Amino acid sequence: MSEILTCTNITKRFGGLVAIDDVSFSIKKGETLGFIGPNGAGKSTMVNVMGGYLKADAGKIILDDVDITKMPPHKRVHEGIARTYQIPRPFPELTALMSVDVASICGKNRKNQSFEDAAGDATHYLEFVGLFSKRNIIAKDLTFFELRMLELARALATTPKVLFIDEVMAGLNPGEASTAVKMVLKAKEQFDLTIFWIEHVMAVLVEAADRIVVIQYGQKIAEGTPDEVVNNDTVVEAYLGKGWRNYA
Amino acid sequence: MVDVEIKRDRIVIRAKGKKWDWMIEPRYWRNTMYWTLALILFPAFAYFLSPGLVNTMVSANIYAAIAIPLSLMTVGTGRINFGPNFFIGVGGYVAALLSIHMGLSPWLTLPLAVLMSAFCALVFSPLVIMAKGLYYVLLTLLLPLVFLEVTFIWTGLFKGDVGLFGIELLFDLGGAKLNFIAAAYISAAIMLIFLLIANKILKSRYGLIMAAINDDEEVAHGIGVNINLVKILTFIGASAMIGVMGWFMAHYFGTFSGITYLPLTYMLKILLVFMVGGRAQIFGCVAGGYFVAFLEEFLIRVMGDFQPVAFPIILLILLFVLPRGEGLFGLYRRRHYREYMPQIHVRR
Amino acid sequence: MLDTIWFVLFFGFLMGAVYLLIALGFSLICGVLRIFHLGYAYLFPLTIYGTWFFMSELGLPLIPSIVGMVVVQLIVSYLIYTFMVKRYMDDEMTLLTGLLIVALIVEQLAAWRYPIQEGVYLDTTLMDGIFQLGLAVAPKQLVWASIIALVMTALFALFFIKTKTGLAVRALSQDILNSQFVGLNVEKLYTLTMMLVLIPVIVAMLLIAPIWTVEPAMGWQYMTTAILIAVLGGLGNIKGTIIAAFLIGIDHALMCFVVGEPRFMTLSALVLVMVILIVRPQGIARSESIW
């Protein structure tokens with residue numbers, strides 16, 4: 001399996017605060033990479049830097065042998081990156097179908113795709129996430145879970161190579177959460193994706209991820225298979241604090 | 001061979017192996033054919049009633065034809081431009097100056113006016129990328145005011161407050177009344193063309209992309225839309241369309257003066273057409289334009305001197321009374337079912 | 001050469017101080033109420049023509065007329081707040097258009113009742129004569145105006161830093177919801193701000209009435225300058241507004257004395273603002289707070 005996304009020495013500062021400090025990792029094609037860390041560690045900043053909304057102060061990002069470090073967000077999407085948001089950001093006034101439609105039209109430079117073809121494409125993705133019955137409902141009127149599914153459909157409609165999932169379970173009740181996780185795994189299998197998964201809930205990643213990267217205070221403190229990471233002393237210390245052994 | 005078949009609810013046209021269905025809208029108040037017919041018959045009808053009405057109709061068409069590109073610009077850039085009359089000034093002055101000093105005919109000054117408007121829009125297009133929400137409102141508000149200053153600065157060229165005279169007229173058919181009617185038809189034609197263009201764009205894939213940008217620019221950027229390109233192109237295109245109206249007014253009235261079109265009074269009239277007509281509903285802009293023009297005329301006849309005070313007062317009352325967010329259009333839509341309606345975002 | 005520099009500094013300072021008073025209100029409203037008071041332009045003609053109305057129609061001497069005008073201004077401000085700002089806080093488009101219309105109504109009323117030929121003149125001169133510093137000559141009235149402007153701005157700054165109400169207004173400008181959570185009476189504070197903002201403008205207008213032109217459409221010119229200063233200085237930030245006011249004052253002085261074309265004043269100010277916005281999009285201010 002070859003590397004599809006490589007980040008080397010990424011640094012991002014906000015004034016005096018170093019949000020990401022010299023983080024490097026790589027993802028292999030078809031892998032699910034988990035990305036965890038305590039609150040405020042810099043996980044969402046990392047996704048923003050990789051997605052192109054923030055410019056990295058140092059470092060390089062290479063996607064499938066293409067250097068995307070200096071590309072604006074929409075070019076990165078054309079190269080094959082898609083993301084979902086931690087708090088869903090739909091297009092409030094557009095219907096579900098229209099939202100996914102835009103992604104379908106603009107996600108890549110597609111030749112010979114008419115407006116109607118794009119709409120047909122969009123309905124396939126909506127059907128895949130289970131929102132076909134809600135396709136003509138304005139995003140403002142959808143429930144939170146449906147918004148998450150819409151985010152997923154919209155990201156998938158851009159036919160990405162790598163999909164960044166940002167805490168897909170936040171705010172969902174247990175039933176919805178497990179459906180969401182199953183949906184992500186189904187999408188990975190059906191669309192042959194590589195997934196970069198930021199998550200708080202360890203149980204999910206222990207099962208679903210092939211490897212996990214842990215960051216704290218902007219620095220990478222551990223990397224390895226889920227078993228290795230869960231038993232890594234530094235990681236446990238990051239979550240529980242020094243001296244956790246006294247209470248273990 | 002073109003084969004036309006008229007059925008009860010549609011017209012079927014067959015030509016060269018293709019078939020078109022043109023549905024006839026049964027609800028007469030939504031039927032564009034009826035309205036276009038009314039628009040065509042009105043000048044001839046008013047000609048016999050009172051020629052002043054034709055003038056009002058021309059004003060109405062002009063207001064509508066300025067509000068339509070403004071709608072397009074609002075949806076396509078996701079910001080509301082508070083100074084569209086800047087481009088009226090640009091188009092009008094280009095037409096006036098070229099006509100007076102170089103003797104070009106109206107049809108030659110048209111492409112040049114369009115080009116100059118587009119060029120000015122290009123120069124100011126960084127505004128669309130850098131300024132957001134209320135900053136954009138403020139800066140676009142200032143553009144026509146500063147242009148007005150410029151016309152006073154270079155009074156030799158622009159003839160500041162007096163205005164430019166002697167612009168070649170579009171038509172000289174011998175009689176003032178006939179000129180009015182010709183102008184009415186031309187202005188109606190321009191407005192209908194703008195309406196057609198705007199409608200086609202908004203209903204196509206580009207309209208969808210523009211709607212996405214209007215809703216959430218950053219997210220649109222994140223799903224592959226080249227937002228800067230789309231915003232700049234919309235800005236330039238809509239500004240060129242507004243410039244055409246400047247051209248028309250210069251050649252219709254024969255005079256052009258910045259003091260008439262550039263101050264905030266005129267901009268408010270256009271904004272009110274925009275808002276009374278129903279925000280970004282382009283068909284509402286036509287209704288708004290006619291409403292505002294006829295209201296103005298009516299007030300002048302009834303109140304004479306007091307009209308400049310009464311007009312804004314009435315507009316203020318209207319602003320508060322009409323359904324929120326939808327203007328006159330809201331009165332018409334009695335069933336407020338939830339469908340896609342572009343919203344105006346001012347604050348970000 | 002040295003003379004020109006001195007002229008630019010001297011007049012830049014004088015004009016900047018007056019502009020500061022004018023822009024202070026606009027910046028505060030934007031910062032605290034988070035609305036763009038596009039109808040700000042109505043304050044200028046209302047001050048002048050309101051006072052003139054009391055003087056010419058009711059025959060009152062100057063001071064009672066000023067009092068009467070202030071009362072009228074407070075009432076109008078309160079009405080605008082209650083019936084427009086409160087109702088349309090979330091529908092900015094209607095609010096902005098409505099405020100603009102108010103400014104238009106006031107201007108048209110003034111133009112209808114007191115057209116330019118009427119010769120409106122308010123004798124609010126504090127001190128006659130001219131003041132000379134080096135080679136620069138200015139009316140004493142203008143010098144007094146700038147001194148009063150600086151004192152007033154200092155008072156405002158002290159109000160916001162030292163007093164409890166000032167602190168409350170600062171909290172309000174940051175977060176409305178949280179302010180309500182900690183028990184601030186948002187209504188009263190908003191109304192207070194809207195009235196507070198009247199003071200610098202009224203003072204400025206009364207002071208410069210004898211020396212600068214007075215006409216019904218005067219509001220738009222001042223508002224343009226106020227907008228440019230507020231945007232340049234970072235909306236709602238007093239420090240930024242101060243710096244921006246003097247920057248624009250110096251820019252205008254440069255146009256008058258160095259370039260020799262006073263008519264370029266607004267255009268150059270606009271270009272300056274746009275250039276600085278390219279480099280620093282949030283304006284001169286360092287933070288999004290009032291001070």
# chains A, B, ... in the order shown; residues from 1 in each chain; ligands from 1
call {"tool": "interface_residues", "arguments": {"of": "chain B", "to": "chain A", "cutoff": "6 Å", "atoms": "only C-alpha atoms", "output": "ChimeraX atom specification"}}
result
/B:205,215,221-226,340
call {"tool": "residues_around", "arguments": {"residues": "range 256-258 of chain B", "least_positions_apart": "6", "cutoff": "12 Å", "atoms": "only C-alpha atoms", "output": "VMD selection string"}}
result
chain B and resid 85 to 97 99 to 100 144 to 152 155 157 to 169 246 to 250 264 266
call {"tool": "select_by_dssp", "arguments": {"residues": "range 32-265 of chain C", "states": "strand (DSSP E)", "output": "count of residues only"}}
result
8
call {"tool": "interface_residues", "arguments": {"of": "chain B", "to": "chain C", "cutoff": "9 Å", "atoms": "only C-alpha atoms", "output": "VMD selection string"}}
result
chain B and resid 80 126 to 127 130 to 131 134 to 135 138 to 139 141 to 143 145 to 147 149 to 150 152 to 153 263 to 265 268 271 to 272 275 305 to 306 308 to 313 315 to 316 319 to 320 324 to 325 344 to 347
call {"tool": "residues_around", "arguments": {"residues": "range 13-19 of chain C", "least_positions_apart": "6", "cutoff": "8 Å", "atoms": "only C-alpha atoms", "output": "JSON, numbers by chain"}}
result
{"C": [142, 143, 145, 146, 147, 149, 150, 204, 225, 226, 245, 246, 247, 248, 249, 250]}
call {"tool": "write_last_selection", "arguments": {"atoms": "all heavy atoms", "output": "CSV table (one decimal), in the first residue's frame"}}
result
chain,number,residue,atom,x,y,z
C,142,LEU,N,-12.0,77.4,15.4
C,142,LEU,CA,-11.6,76.1,15.1
C,142,LEU,C,-10.6,75.5,16.1
C,142,LEU,O,-10.7,74.3,16.5
C,142,LEU,CB,-10.9,76.1,13.7
C,142,LEU,CG,-10.6,74.7,13.0
C,142,LEU,CD1,-11.8,73.9,12.9
C,142,LEU,CD2,-9.9,75.0,11.7
C,143,VAL,N,-9.7,76.3,16.6
C,143,VAL,CA,-8.8,75.8,17.6
C,143,VAL,C,-9.6,75.4,18.9
C,143,VAL,O,-9.3,74.4,19.4
C,143,VAL,CB,-7.8,76.9,17.9
C,143,VAL,CG1,-6.8,76.5,19.0
C,143,VAL,CG2,-7.0,77.3,16.7
C,145,ALA,N,-12.6,74.4,18.9
C,145,ALA,CA,-13.3,73.2,18.6
C,145,ALA,C,-12.4,72.0,18.8
C,145,ALA,O,-12.8,71.0,19.3
C,145,ALA,CB,-13.8,73.3,17.2
C,146,SER,N,-11.2,72.1,18.3
C,146,SER,CA,-10.3,70.9,18.4
C,146,SER,C,-9.9,70.6,19.9
C,146,SER,O,-9.9,69.5,20.3
C,146,SER,CB,-9.1,71.1,17.6
C,146,SER,OG,-8.5,72.3,17.7
C,147,ILE,N,-9.7,71.7,20.7
C,147,ILE,CA,-9.4,71.5,22.1
C,147,ILE,C,-10.6,70.8,22.8
C,147,ILE,O,-10.4,69.8,23.5
C,147,ILE,CB,-9.1,72.8,22.8
C,147,ILE,CG1,-7.8,73.4,22.2
C,147,ILE,CG2,-8.9,72.6,24.3
C,147,ILE,CD1,-7.5,74.7,22.8
C,149,ALA,N,-12.8,69.0,21.4
C,149,ALA,CA,-12.9,67.7,20.9
C,149,ALA,C,-12.1,66.7,21.6
C,149,ALA,O,-12.5,65.6,22.0
C,149,ALA,CB,-12.6,67.7,19.4
C,150,LEU,N,-10.8,67.2,21.9
C,150,LEU,CA,-9.9,66.3,22.6
C,150,LEU,C,-10.4,66.0,24.0
C,150,LEU,O,-10.3,64.9,24.5
C,150,LEU,CB,-8.5,66.9,22.6
C,150,LEU,CG,-7.8,66.8,21.2
C,150,LEU,CD1,-6.5,67.5,21.3
C,150,LEU,CD2,-7.6,65.4,20.8
C,204,ALA,N,-19.9,69.1,18.1
C,204,ALA,CA,-19.1,69.4,17.0
C,204,ALA,C,-19.8,70.3,16.0
C,204,ALA,O,-19.3,71.3,15.5
C,204,ALA,CB,-18.7,68.1,16.3
C,225,THR,N,-17.1,61.0,5.7
C,225,THR,CA,-15.8,61.1,6.5
C,225,THR,C,-15.9,60.2,7.7
C,225,THR,O,-15.0,59.5,8.0
C,225,THR,CB,-15.6,62.5,6.9
C,225,THR,OG1,-15.8,63.4,5.8
C,225,THR,CG2,-14.1,62.7,7.4
C,226,ALA,N,-17.1,60.2,8.4
C,226,ALA,CA,-17.2,59.4,9.6
C,226,ALA,C,-17.1,57.9,9.3
C,226,ALA,O,-16.4,57.2,10.0
C,226,ALA,CB,-18.6,59.6,10.2
C,245,ALA,N,-8.8,59.2,12.8
C,245,ALA,CA,-9.3,60.6,12.6
C,245,ALA,C,-8.2,61.5,12.2
C,245,ALA,O,-8.2,62.3,11.3
C,245,ALA,CB,-10.1,61.1,13.8
C,246,PHE,N,-7.1,61.3,13.0
C,246,PHE,CA,-5.9,62.2,12.7
C,246,PHE,C,-5.3,61.9,11.4
C,246,PHE,O,-4.8,62.7,10.7
C,246,PHE,CB,-5.0,62.2,13.9
C,246,PHE,CG,-5.5,63.0,15.0
C,246,PHE,CD1,-5.8,62.4,16.2
C,246,PHE,CD2,-5.6,64.4,14.9
C,246,PHE,CE1,-6.4,63.2,17.3
C,246,PHE,CE2,-6.1,65.1,16.0
C,246,PHE,CZ,-6.5,64.5,17.2
C,247,LEU,N,-5.2,60.6,11.1
C,247,LEU,CA,-4.7,60.2,9.8
C,247,LEU,C,-5.4,60.8,8.7
C,247,LEU,O,-4.9,61.4,7.7
C,247,LEU,CB,-4.8,58.6,9.7
C,247,LEU,CG,-3.5,57.8,10.1
C,247,LEU,CD1,-3.8,56.4,9.9
C,247,LEU,CD2,-2.3,58.3,9.2
C,248,ILE,N,-6.8,60.8,8.8
C,248,ILE,CA,-7.6,61.3,7.7
C,248,ILE,C,-7.4,62.8,7.7
C,248,ILE,O,-7.4,63.5,6.6
C,248,ILE,CB,-9.0,60.9,7.8
C,248,ILE,CG1,-9.2,59.4,7.8
C,248,ILE,CG2,-9.9,61.6,6.8
C,248,ILE,CD1,-9.6,58.8,6.5
C,249,GLY,N,-7.4,63.4,8.9
C,249,GLY,CA,-7.2,64.9,9.0
C,249,GLY,C,-5.9,65.3,8.2
C,249,GLY,O,-5.8,66.2,7.5
C,250,ILE,N,-4.8,64.5,8.5
C,250,ILE,CA,-3.5,64.8,7.9
C,250,ILE,C,-3.6,64.6,6.4
C,250,ILE,O,-3.1,65.3,5.6
C,250,ILE,CB,-2.4,64.0,8.5
C,250,ILE,CG1,-2.2,64.5,10.0
C,250,ILE,CG2,-1.1,64.1,7.7
C,250,ILE,CD1,-1.0,64.0,10.6
call {"tool": "residues_around", "arguments": {"residues": "range 167-181 of chain C", "least_positions_apart": "2", "cutoff": "9 Å", "atoms": "only C-alpha atoms", "output": "ChimeraX atom specification"}}
result
/C:31-34,159-165,183-186,189-190,193,236,288-291
call {"tool": "residues_around", "arguments": {"residues": "Val214 in chain A", "least_positions_apart": "4", "cutoff": "8 Å", "atoms": "only C-alpha atoms", "output": "PyMOL selection string"}}
result
chain A and resi 35-37+220-223+229+235
call {"tool": "write_last_selection", "arguments": {"atoms": "N, CA and C atoms", "output": "PDB file, in the first residue's frame"}}
result
ATOM      1  N   PHE A  35      -7.245  10.152  14.686  1.00  0.00           N
ATOM      2  CA  PHE A  35      -6.510  11.335  15.136  1.00  0.00           C
ATOM      3  C   PHE A  35      -7.140  11.765  16.443  1.00  0.00           C
ATOM      4  N   ILE A  36      -6.439  11.512  17.543  1.00  0.00           N
ATOM      5  CA  ILE A  36      -7.062  11.823  18.819  1.00  0.00           C
ATOM      6  C   ILE A  36      -6.175  12.732  19.648  1.00  0.00           C
ATOM      7  N   GLY A  37      -6.757  13.262  20.686  1.00  0.00           N
ATOM      8  CA  GLY A  37      -6.008  14.121  21.585  1.00  0.00           C
ATOM      9  C   GLY A  37      -6.979  14.813  22.519  1.00  0.00           C
ATOM     10  N   LYS A 220       2.888  15.813  18.340  1.00  0.00           N
ATOM     11  CA  LYS A 220       2.535  14.408  18.247  1.00  0.00           C
ATOM     12  C   LYS A 220       3.230  13.674  19.379  1.00  0.00           C
ATOM     13  N   ILE A 221       2.455  12.942  20.177  1.00  0.00           N
ATOM     14  CA  ILE A 221       3.084  12.224  21.287  1.00  0.00           C
ATOM     15  C   ILE A 221       3.077  10.720  21.106  1.00  0.00           C
ATOM     16  N   ALA A 222       2.275  10.224  20.175  1.00  0.00           N
ATOM     17  CA  ALA A 222       2.288   8.772  19.969  1.00  0.00           C
ATOM     18  C   ALA A 222       1.708   8.450  18.613  1.00  0.00           C
ATOM     19  N   GLU A 223       2.097   7.299  18.089  1.00  0.00           N
ATOM     20  CA  GLU A 223       1.546   6.845  16.805  1.00  0.00           C
ATOM     21  C   GLU A 223       1.676   5.341  16.769  1.00  0.00           C
ATOM     22  N   VAL A 229      -1.429   2.237  21.148  1.00  0.00           N
ATOM     23  CA  VAL A 229      -1.687   3.591  21.633  1.00  0.00           C
ATOM     24  C   VAL A 229      -2.439   3.567  22.951  1.00  0.00           C
ATOM     25  N   VAL A 235       0.262   8.556  26.461  1.00  0.00           N
ATOM     26  CA  VAL A 235      -1.092   8.883  26.031  1.00  0.00           C
ATOM     27  C   VAL A 235      -2.039   8.912  27.219  1.00  0.00           C
TER      28      VAL A 235
END
call {"tool": "select_by_dssp", "arguments": {"residues": "range 112-282 of chain B", "states": "helix (DSSP H, G or I)", "output": "JSON, numbers by chain"}}
result
{"B": [112, 113, 114, 115, 116, 117, 118, 119, 120, 121, 122, 123, 124, 126, 127, 128, 129, 130, 133, 134, 135, 136, 137, 138, 139, 140, 141, 142, 143, 144, 145, 146, 147, 148, 149, 150, 151, 152, 153, 155, 156, 157, 158, 176, 177, 178, 179, 180, 181, 182, 183, 184, 185, 186, 187, 188, 189, 190, 191, 192, 193, 194, 195, 196, 197, 198, 199, 200, 201, 202, 203, 205, 206, 207, 208, 209, 210, 211, 212, 213, 214, 215, 217, 218, 219, 220, 221, 222, 227, 228, 229, 230, 231, 232, 233, 234, 235, 236, 237, 238, 239, 240, 241, 242, 243, 244, 245, 246, 247, 248, 249, 250, 251, 252, 253, 258, 259, 260, 261, 264, 265, 266, 267, 268, 269, 270, 271, 272, 273, 274, 275, 276, 282]}
call {"tool": "atom_distance", "arguments": {"atom1": "CA of Lys161 in chain A", "atom2": "CA of Ala187 in chain A"}}
result
11.8 Å
call {"tool": "atom_distance", "arguments": {"atom1": "CA of Met267 in chain B", "atom2": "CA of Gly83 in chain B"}}
result
6.5 Å
call {"tool": "residues_around", "arguments": {"residues": "Phe144 in chain A", "least_positions_apart": "3", "cutoff": "12 Å", "atoms": "only C-alpha atoms", "output": "list in words"}}
result
Gln86, Ile87, Pro88, Arg89, Pro90, Ala139, Lys140, Asp141, Leu147, Arg148, Met149, Leu150, Glu151, Val168, Met169, Ala170, Gly171, Leu172, Asn173, Glu176, Ala177 and Ala180 of chain A
call {"tool": "closest_residue", "arguments": {"among": "B:Ala198, B:Leu98, B:Leu72, B:Ile314", "to": "Val230 in chain B", "atoms": "only C-alpha atoms"}}
result
B:Leu72
call {"tool": "residues_around", "arguments": {"residues": "range 205-208 of chain A", "least_positions_apart": "3", "cutoff": "8 Å", "atoms": "only C-alpha atoms", "output": "PyMOL selection string"}}
result
chain A and resi 32+34+185+199+201-202+212+226-227
call {"tool": "atom_distance", "arguments": {"atom1": "CA of Met73 in chain B", "atom2": "CA of Leu229 in chain B"}}
result
13.4 Å
call {"tool": "closest_residue", "arguments": {"among": "B:Gly78, B:Leu49, B:Leu195, B:Ala121", "to": "Thr32 in chain B", "atoms": "only C-alpha atoms"}}
result
B:Leu195
call {"tool": "closest_atom_pairs", "arguments": {"of": "range 130-233 of chain A", "to": "range 8-23 of chain A", "cutoff": "8 Å", "atoms": "only C-alpha atoms", "output": "tab-separated table"}}
result
residue	atom	partner	partner_atom	distance
A:Tyr217	CA	A:Ala19	CA	7.1
A:Gly218	CA	A:Ile20	CA	4.0
A:Gln219	CA	A:Asp21	CA	5.2
A:Lys220	CA	A:Val23	CA	5.9
